[in-house]
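entry.cif, holding mmCIF, N, CA and C atoms, pLDDT in the B column; chains and numbers go by the auth columns:
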```cif
data_entry
#
loop_
_atom_site.group_PDB
_atom_site.id
_atom_site.type_symbol
_atom_site.label_atom_id
_atom_site.label_comp_id
_atom_site.label_asym_id
_atom_site.label_seq_id
_atom_site.Cartn_x
_atom_site.Cartn_y
_atom_site.Cartn_z
_atom_site.B_iso_or_equiv
_atom_site.auth_seq_id
_atom_site.auth_asym_id
ATOM 1 N N VAL A 1 35.787 -15.477 12.644 89.00 1 K
ATOM 2 C CA VAL A 1 35.692 -14.837 13.949 89.00 1 K
ATOM 3 C C VAL A 1 35.340 -15.908 14.960 89.00 1 K
ATOM 4 N N LEU A 2 36.121 -15.966 16.024 91.00 2 K
ATOM 5 C CA LEU A 2 35.882 -16.909 17.112 91.00 2 K
ATOM 6 C C LEU A 2 35.326 -16.135 18.297 91.00 2 K
ATOM 7 N N ASP A 3 34.110 -16.454 18.684 94.00 3 K
ATOM 8 C CA ASP A 3 33.491 -15.853 19.867 94.00 3 K
ATOM 9 C C ASP A 3 33.882 -16.710 21.062 94.00 3 K
ATOM 10 N N ALA A 4 34.760 -16.197 21.900 95.00 4 K
ATOM 11 C CA ALA A 4 35.273 -16.950 23.045 95.00 4 K
ATOM 12 C C ALA A 4 34.576 -16.567 24.341 95.00 4 K
ATOM 13 N N SER A 5 33.414 -15.939 24.245 96.00 5 K
ATOM 14 C CA SER A 5 32.721 -15.437 25.434 96.00 5 K
ATOM 15 C C SER A 5 32.191 -16.540 26.339 96.00 5 K
ATOM 16 N N GLN A 6 31.908 -17.708 25.780 96.00 6 K
ATOM 17 C CA GLN A 6 31.327 -18.789 26.578 96.00 6 K
ATOM 18 C C GLN A 6 32.348 -19.840 27.018 96.00 6 K
ATOM 19 N N VAL A 7 33.629 -19.608 26.758 96.00 7 K
ATOM 20 C CA VAL A 7 34.658 -20.552 27.174 96.00 7 K
ATOM 21 C C VAL A 7 34.736 -20.549 28.693 96.00 7 K
ATOM 22 N N ARG A 8 34.555 -21.706 29.274 96.00 8 K
ATOM 23 C CA ARG A 8 34.611 -21.852 30.733 96.00 8 K
ATOM 24 C C ARG A 8 35.854 -22.608 31.184 96.00 8 K
ATOM 25 N N ARG A 9 36.405 -23.405 30.272 95.00 9 K
ATOM 26 C CA ARG A 9 37.605 -24.179 30.589 95.00 9 K
ATOM 27 C C ARG A 9 38.338 -24.457 29.286 95.00 9 K
ATOM 28 N N MET A 10 39.645 -24.336 29.326 93.00 10 K
ATOM 29 C CA MET A 10 40.443 -24.568 28.125 93.00 10 K
ATOM 30 C C MET A 10 41.804 -25.087 28.554 93.00 10 K
ATOM 31 N N GLY A 11 42.290 -26.101 27.866 93.00 11 K
ATOM 32 C CA GLY A 11 43.593 -26.672 28.166 93.00 11 K
ATOM 33 C C GLY A 11 44.658 -26.207 27.188 93.00 11 K
ATOM 34 N N THR A 12 45.877 -26.621 27.463 92.00 12 K
ATOM 35 C CA THR A 12 46.998 -26.207 26.615 92.00 12 K
ATOM 36 C C THR A 12 46.902 -26.778 25.204 92.00 12 K
ATOM 37 N N LEU A 13 46.301 -27.956 25.047 94.00 13 K
ATOM 38 C CA LEU A 13 46.156 -28.512 23.699 94.00 13 K
ATOM 39 C C LEU A 13 45.255 -27.634 22.841 94.00 13 K
ATOM 40 N N ALA A 14 44.247 -27.035 23.435 94.00 14 K
ATOM 41 C CA ALA A 14 43.384 -26.120 22.693 94.00 14 K
ATOM 42 C C ALA A 14 44.160 -24.886 22.253 94.00 14 K
ATOM 43 N N VAL A 15 45.038 -24.397 23.118 94.00 15 K
ATOM 44 C CA VAL A 15 45.863 -23.241 22.760 94.00 15 K
ATOM 45 C C VAL A 15 46.787 -23.612 21.595 94.00 15 K
ATOM 46 N N GLU A 16 47.399 -24.789 21.669 93.00 16 K
ATOM 47 C CA GLU A 16 48.269 -25.237 20.585 93.00 16 K
ATOM 48 C C GLU A 16 47.504 -25.345 19.270 93.00 16 K
ATOM 49 N N MET A 17 46.273 -25.837 19.329 93.00 17 K
ATOM 50 C CA MET A 17 45.449 -25.956 18.130 93.00 17 K
ATOM 51 C C MET A 17 45.134 -24.582 17.549 93.00 17 K
ATOM 52 N N LEU A 18 44.828 -23.620 18.413 93.00 18 K
ATOM 53 C CA LEU A 18 44.534 -22.270 17.940 93.00 18 K
ATOM 54 C C LEU A 18 45.765 -21.602 17.320 93.00 18 K
ATOM 55 N N ILE A 19 46.936 -21.826 17.907 92.00 19 K
ATOM 56 C CA ILE A 19 48.173 -21.281 17.341 92.00 19 K
ATOM 57 C C ILE A 19 48.436 -21.901 15.969 92.00 19 K
ATOM 58 N N SER A 20 48.244 -23.207 15.864 92.00 20 K
ATOM 59 C CA SER A 20 48.437 -23.895 14.592 92.00 20 K
ATOM 60 C C SER A 20 47.444 -23.394 13.545 92.00 20 K
ATOM 61 N N ALA A 21 46.194 -23.226 13.937 90.00 21 K
ATOM 62 C CA ALA A 21 45.176 -22.711 13.011 90.00 21 K
ATOM 63 C C ALA A 21 45.541 -21.315 12.534 90.00 21 K
ATOM 64 N N ARG A 22 45.992 -20.486 13.464 91.00 22 K
ATOM 65 C CA ARG A 22 46.379 -19.122 13.100 91.00 22 K
ATOM 66 C C ARG A 22 47.487 -19.123 12.063 91.00 22 K
ATOM 67 N N LYS A 23 48.505 -19.943 12.279 90.00 23 K
ATOM 68 C CA LYS A 23 49.629 -19.990 11.345 90.00 23 K
ATOM 69 C C LYS A 23 49.183 -20.491 9.969 90.00 23 K
ATOM 70 N N GLN A 24 48.365 -21.545 9.956 91.00 24 K
ATOM 71 C CA GLN A 24 47.902 -22.091 8.684 91.00 24 K
ATOM 72 C C GLN A 24 46.985 -21.117 7.963 91.00 24 K
ATOM 73 N N TRP A 25 46.059 -20.524 8.692 89.00 25 K
ATOM 74 C CA TRP A 25 45.129 -19.591 8.064 89.00 25 K
ATOM 75 C C TRP A 25 45.850 -18.360 7.538 89.00 25 K
ATOM 76 N N GLN A 26 46.838 -17.887 8.267 89.00 26 K
ATOM 77 C CA GLN A 26 47.590 -16.739 7.781 89.00 26 K
ATOM 78 C C GLN A 26 48.329 -17.108 6.497 89.00 26 K
ATOM 79 N N ALA A 27 48.922 -18.298 6.468 91.00 27 K
ATOM 80 C CA ALA A 27 49.617 -18.749 5.257 91.00 27 K
ATOM 81 C C ALA A 27 48.651 -18.886 4.080 91.00 27 K
ATOM 82 N N ASP A 28 47.405 -19.230 4.379 91.00 28 K
ATOM 83 C CA ASP A 28 46.382 -19.380 3.346 91.00 28 K
ATOM 84 C C ASP A 28 45.694 -18.064 2.986 91.00 28 K
ATOM 85 N N GLY A 29 46.117 -16.976 3.636 90.00 29 K
ATOM 86 C CA GLY A 29 45.509 -15.687 3.360 90.00 29 K
ATOM 87 C C GLY A 29 44.152 -15.500 4.029 90.00 29 K
ATOM 88 N N ARG A 30 43.870 -16.289 5.038 90.00 30 K
ATOM 89 C CA ARG A 30 42.606 -16.204 5.769 90.00 30 K
ATOM 90 C C ARG A 30 42.831 -15.419 7.060 90.00 30 K
ATOM 91 N N SER A 31 41.745 -14.978 7.664 88.00 31 K
ATOM 92 C CA SER A 31 41.895 -14.212 8.900 88.00 31 K
ATOM 93 C C SER A 31 41.319 -14.986 10.083 88.00 31 K
ATOM 94 N N LEU A 32 41.832 -14.687 11.243 89.00 32 K
ATOM 95 C CA LEU A 32 41.317 -15.229 12.499 89.00 32 K
ATOM 96 C C LEU A 32 41.237 -14.073 13.480 89.00 32 K
ATOM 97 N N THR A 33 40.044 -13.842 13.972 90.00 33 K
ATOM 98 C CA THR A 33 39.803 -12.801 14.956 90.00 33 K
ATOM 99 C C THR A 33 39.109 -13.427 16.148 90.00 33 K
ATOM 100 N N ILE A 34 39.556 -13.091 17.336 92.00 34 K
ATOM 101 C CA ILE A 34 38.927 -13.580 18.560 92.00 34 K
ATOM 102 C C ILE A 34 38.245 -12.407 19.225 92.00 34 K
ATOM 103 N N ARG A 35 36.973 -12.605 19.586 92.00 35 K
ATOM 104 C CA ARG A 35 36.253 -11.523 20.247 92.00 35 K
ATOM 105 C C ARG A 35 35.616 -12.044 21.527 92.00 35 K
ATOM 106 N N GLU A 36 35.368 -11.111 22.425 94.00 36 K
ATOM 107 C CA GLU A 36 34.665 -11.414 23.669 94.00 36 K
ATOM 108 C C GLU A 36 35.319 -12.554 24.456 94.00 36 K
ATOM 109 N N ALA A 37 36.630 -12.527 24.573 95.00 37 K
ATOM 110 C CA ALA A 37 37.339 -13.592 25.297 95.00 37 K
ATOM 111 C C ALA A 37 36.947 -13.594 26.772 95.00 37 K
ATOM 112 N N SER A 38 36.536 -14.764 27.256 96.00 38 K
ATOM 113 C CA SER A 38 36.137 -14.908 28.658 96.00 38 K
ATOM 114 C C SER A 38 37.379 -14.893 29.558 96.00 38 K
ATOM 115 N N ASP A 39 37.159 -14.694 30.840 96.00 39 K
ATOM 116 C CA ASP A 39 38.275 -14.720 31.794 96.00 39 K
ATOM 117 C C ASP A 39 39.005 -16.066 31.784 96.00 39 K
ATOM 118 N N PRO A 40 38.302 -17.224 31.777 96.00 40 K
ATOM 119 C CA PRO A 40 39.036 -18.493 31.714 96.00 40 K
ATOM 120 C C PRO A 40 39.870 -18.639 30.439 96.00 40 K
ATOM 121 N N PHE A 41 39.365 -18.140 29.329 96.00 41 K
ATOM 122 C CA PHE A 41 40.112 -18.167 28.067 96.00 41 K
ATOM 123 C C PHE A 41 41.399 -17.366 28.218 96.00 41 K
ATOM 124 N N LEU A 42 41.271 -16.148 28.720 96.00 42 K
ATOM 125 C CA LEU A 42 42.439 -15.278 28.895 96.00 42 K
ATOM 126 C C LEU A 42 43.414 -15.824 29.934 96.00 42 K
ATOM 127 N N THR A 43 42.899 -16.406 31.005 95.00 43 K
ATOM 128 C CA THR A 43 43.749 -16.969 32.055 95.00 43 K
ATOM 129 C C THR A 43 44.591 -18.121 31.518 95.00 43 K
ATOM 130 N N THR A 44 43.970 -18.977 30.706 95.00 44 K
ATOM 131 C CA THR A 44 44.722 -20.093 30.123 95.00 44 K
ATOM 132 C C THR A 44 45.801 -19.589 29.184 95.00 44 K
ATOM 133 N N LEU A 45 45.452 -18.619 28.346 95.00 45 K
ATOM 134 C CA LEU A 45 46.456 -18.055 27.442 95.00 45 K
ATOM 135 C C LEU A 45 47.632 -17.492 28.232 95.00 45 K
ATOM 136 N N GLU A 46 47.333 -16.735 29.272 94.00 46 K
ATOM 137 C CA GLU A 46 48.384 -16.135 30.093 94.00 46 K
ATOM 138 C C GLU A 46 49.249 -17.205 30.755 94.00 46 K
ATOM 139 N N ALA A 47 48.633 -18.282 31.207 94.00 47 K
ATOM 140 C CA ALA A 47 49.363 -19.351 31.901 94.00 47 K
ATOM 141 C C ALA A 47 50.387 -20.033 31.001 94.00 47 K
ATOM 142 N N VAL A 48 50.125 -20.071 29.698 93.00 48 K
ATOM 143 C CA VAL A 48 51.063 -20.711 28.774 93.00 48 K
ATOM 144 C C VAL A 48 51.916 -19.694 28.013 93.00 48 K
ATOM 145 N N GLY A 49 51.803 -18.430 28.389 92.00 49 K
ATOM 146 C CA GLY A 49 52.640 -17.400 27.771 92.00 49 K
ATOM 147 C C GLY A 49 52.134 -16.929 26.425 92.00 49 K
ATOM 148 N N ALA A 50 50.851 -17.106 26.176 92.00 50 K
ATOM 149 C CA ALA A 50 50.259 -16.664 24.907 92.00 50 K
ATOM 150 C C ALA A 50 49.352 -15.472 25.167 92.00 50 K
ATOM 151 N N SER A 51 48.752 -14.970 24.105 91.00 51 K
ATOM 152 C CA SER A 51 47.824 -13.844 24.215 91.00 51 K
ATOM 153 C C SER A 51 46.843 -13.893 23.050 91.00 51 K
ATOM 154 N N VAL A 52 45.779 -13.130 23.162 92.00 52 K
ATOM 155 C CA VAL A 52 44.819 -13.035 22.063 92.00 52 K
ATOM 156 C C VAL A 52 45.531 -12.502 20.826 92.00 52 K
ATOM 157 N N ASP A 53 46.419 -11.552 20.981 88.00 53 K
ATOM 158 C CA ASP A 53 47.156 -10.989 19.843 88.00 53 K
ATOM 159 C C ASP A 53 47.969 -12.060 19.119 88.00 53 K
ATOM 160 N N LEU A 54 48.525 -13.006 19.870 87.00 54 K
ATOM 161 C CA LEU A 54 49.307 -14.084 19.265 87.00 54 K
ATOM 162 C C LEU A 54 48.411 -14.965 18.386 87.00 54 K
ATOM 163 N N LEU A 55 47.171 -15.150 18.808 90.00 55 K
ATOM 164 C CA LEU A 55 46.280 -16.059 18.093 90.00 55 K
ATOM 165 C C LEU A 55 45.614 -15.435 16.873 90.00 55 K
ATOM 166 N N GLN A 56 45.500 -14.143 16.827 88.00 56 K
ATOM 167 C CA GLN A 56 44.819 -13.481 15.725 88.00 56 K
ATOM 168 C C GLN A 56 45.791 -13.232 14.572 88.00 56 K
ATOM 169 N N THR A 57 45.306 -13.377 13.361 83.00 57 K
ATOM 170 C CA THR A 57 46.152 -12.989 12.239 83.00 57 K
ATOM 171 C C THR A 57 46.321 -11.482 12.322 83.00 57 K
ATOM 172 N N GLY A 58 47.492 -11.042 12.026 68.00 58 K
ATOM 173 C CA GLY A 58 47.810 -9.625 12.199 68.00 58 K
ATOM 174 C C GLY A 58 48.569 -9.386 13.498 68.00 58 K
ATOM 175 N N GLY A 59 48.550 -10.378 14.413 54.00 59 K
ATOM 176 C CA GLY A 59 49.335 -10.309 15.647 54.00 59 K
ATOM 177 C C GLY A 59 50.733 -10.824 15.382 54.00 59 K
ATOM 178 N N PRO A 60 51.537 -10.994 16.416 50.00 60 K
ATOM 179 C CA PRO A 60 52.896 -11.503 16.235 50.00 60 K
ATOM 180 C C PRO A 60 52.894 -12.896 15.639 50.00 60 K
ATOM 181 N N ALA A 61 53.851 -13.186 14.785 45.00 61 K
ATOM 182 C CA ALA A 61 53.935 -14.516 14.155 45.00 61 K
ATOM 183 C C ALA A 61 54.535 -15.521 15.107 45.00 61 K
#
```
Is it possible to express this structure as structure tokens?
Amino acid sequence: VLDASQVRRMGTLAVEMLISARKQWQADGRSLTIREASDPFLTTLEAVGASVDLLQTGGPA
């Protein structure tokens, strides 16, 4: 579980890392859940065309 409530700034490389982690963890049978996403976290995801659902296992691949 990733608590994103305190994220104040995030770049595109961080989003790429989270997408990569999600794919690897899903392949390994592990889960990734994001909770309490801050506005800057959500704004960055939106700016690059991603979403919390994309990053969580169980979301779109």
Original post:
Among chain K, which residues carry a DSSP assignment of strand (DSSP E), reported as a PyMOL selection string?
Top reply: chain K and resi 2-3+34-35
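CA of Val52 (chain K) sits 6.9 Å away from CA of Ile34 (chain K).
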**OP:** Please measure the separation of CA of Asp39 (chain K) and CA of Trp25 (chain K), giving the value in Å to one decimal.
**Re:**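 So the answer is 25.2 Å.
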Original post:
Skipping near chain neighbours, those fewer than 4 positions away, what residues fall within 10 Å of Arg8 (chain K) using only C-alpha atoms, listed as a list of chain:residue names?
Top reply: K:Ala4, K:Ser38, K:Asp39, K:Pro40, K:Phe41
Would you put the residues from that selection into a file with N, CA and C atoms, as an mmCIF file, in the coordinates of the input?
```
data_model
loop_
_atom_site.group_PDB
_atom_site.id
_atom_site.type_symbol
_atom_site.label_atom_id
_atom_site.label_comp_id
_atom_site.auth_asym_id
_atom_site.auth_seq_id
_atom_site.Cartn_x
_atom_site.Cartn_y
_atom_site.Cartn_z
ATOM 1 N N ALA K 4 34.760 -16.197 21.900
ATOM 2 C CA ALA K 4 35.273 -16.950 23.045
ATOM 3 C C ALA K 4 34.576 -16.567 24.341
ATOM 4 N N SER K 38 36.536 -14.764 27.256
ATOM 5 C CA SER K 38 36.137 -14.908 28.658
ATOM 6 C C SER K 38 37.379 -14.893 29.558
ATOM 7 N N ASP K 39 37.159 -14.694 30.840
ATOM 8 C CA ASP K 39 38.275 -14.720 31.794
ATOM 9 C C ASP K 39 39.005 -16.066 31.784
ATOM 10 N N PRO K 40 38.302 -17.224 31.777
ATOM 11 C CA PRO K 40 39.036 -18.493 31.714
ATOM 12 C C PRO K 40 39.870 -18.639 30.439
ATOM 13 N N PHE K 41 39.365 -18.140 29.329
ATOM 14 C CA PHE K 41 40.112 -18.167 28.067
ATOM 15 C C PHE K 41 41.399 -17.366 28.218
#
```
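Checking K:Leu42, K:Ile19, K:Leu13, K:Ala27 one by one against Leu54 (chain K), counting only N, CA and C atoms, you find the shortest gap at K:Ile19.
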Original post:
atom C of Asp28 (chain K) and CA of Glu16 (chain K), how far apart in Å?
Top reply: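 Going from CA of Glu16 (chain K) over to atom C of Asp28 (chain K), I get 19.2 Å.
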Please return the centre and edge lengths, in Å to one decimal, of a box with edges along x, y and z that contains all listed atoms of region 20-24 of chain K, widened by 8 Å on every side, as JSON.
```
{"center_x": 47.4, "center_y": -21.5, "center_z": 11.9, "size_x": 20.5, "size_y": 20.8, "size_z": 23.9}
```
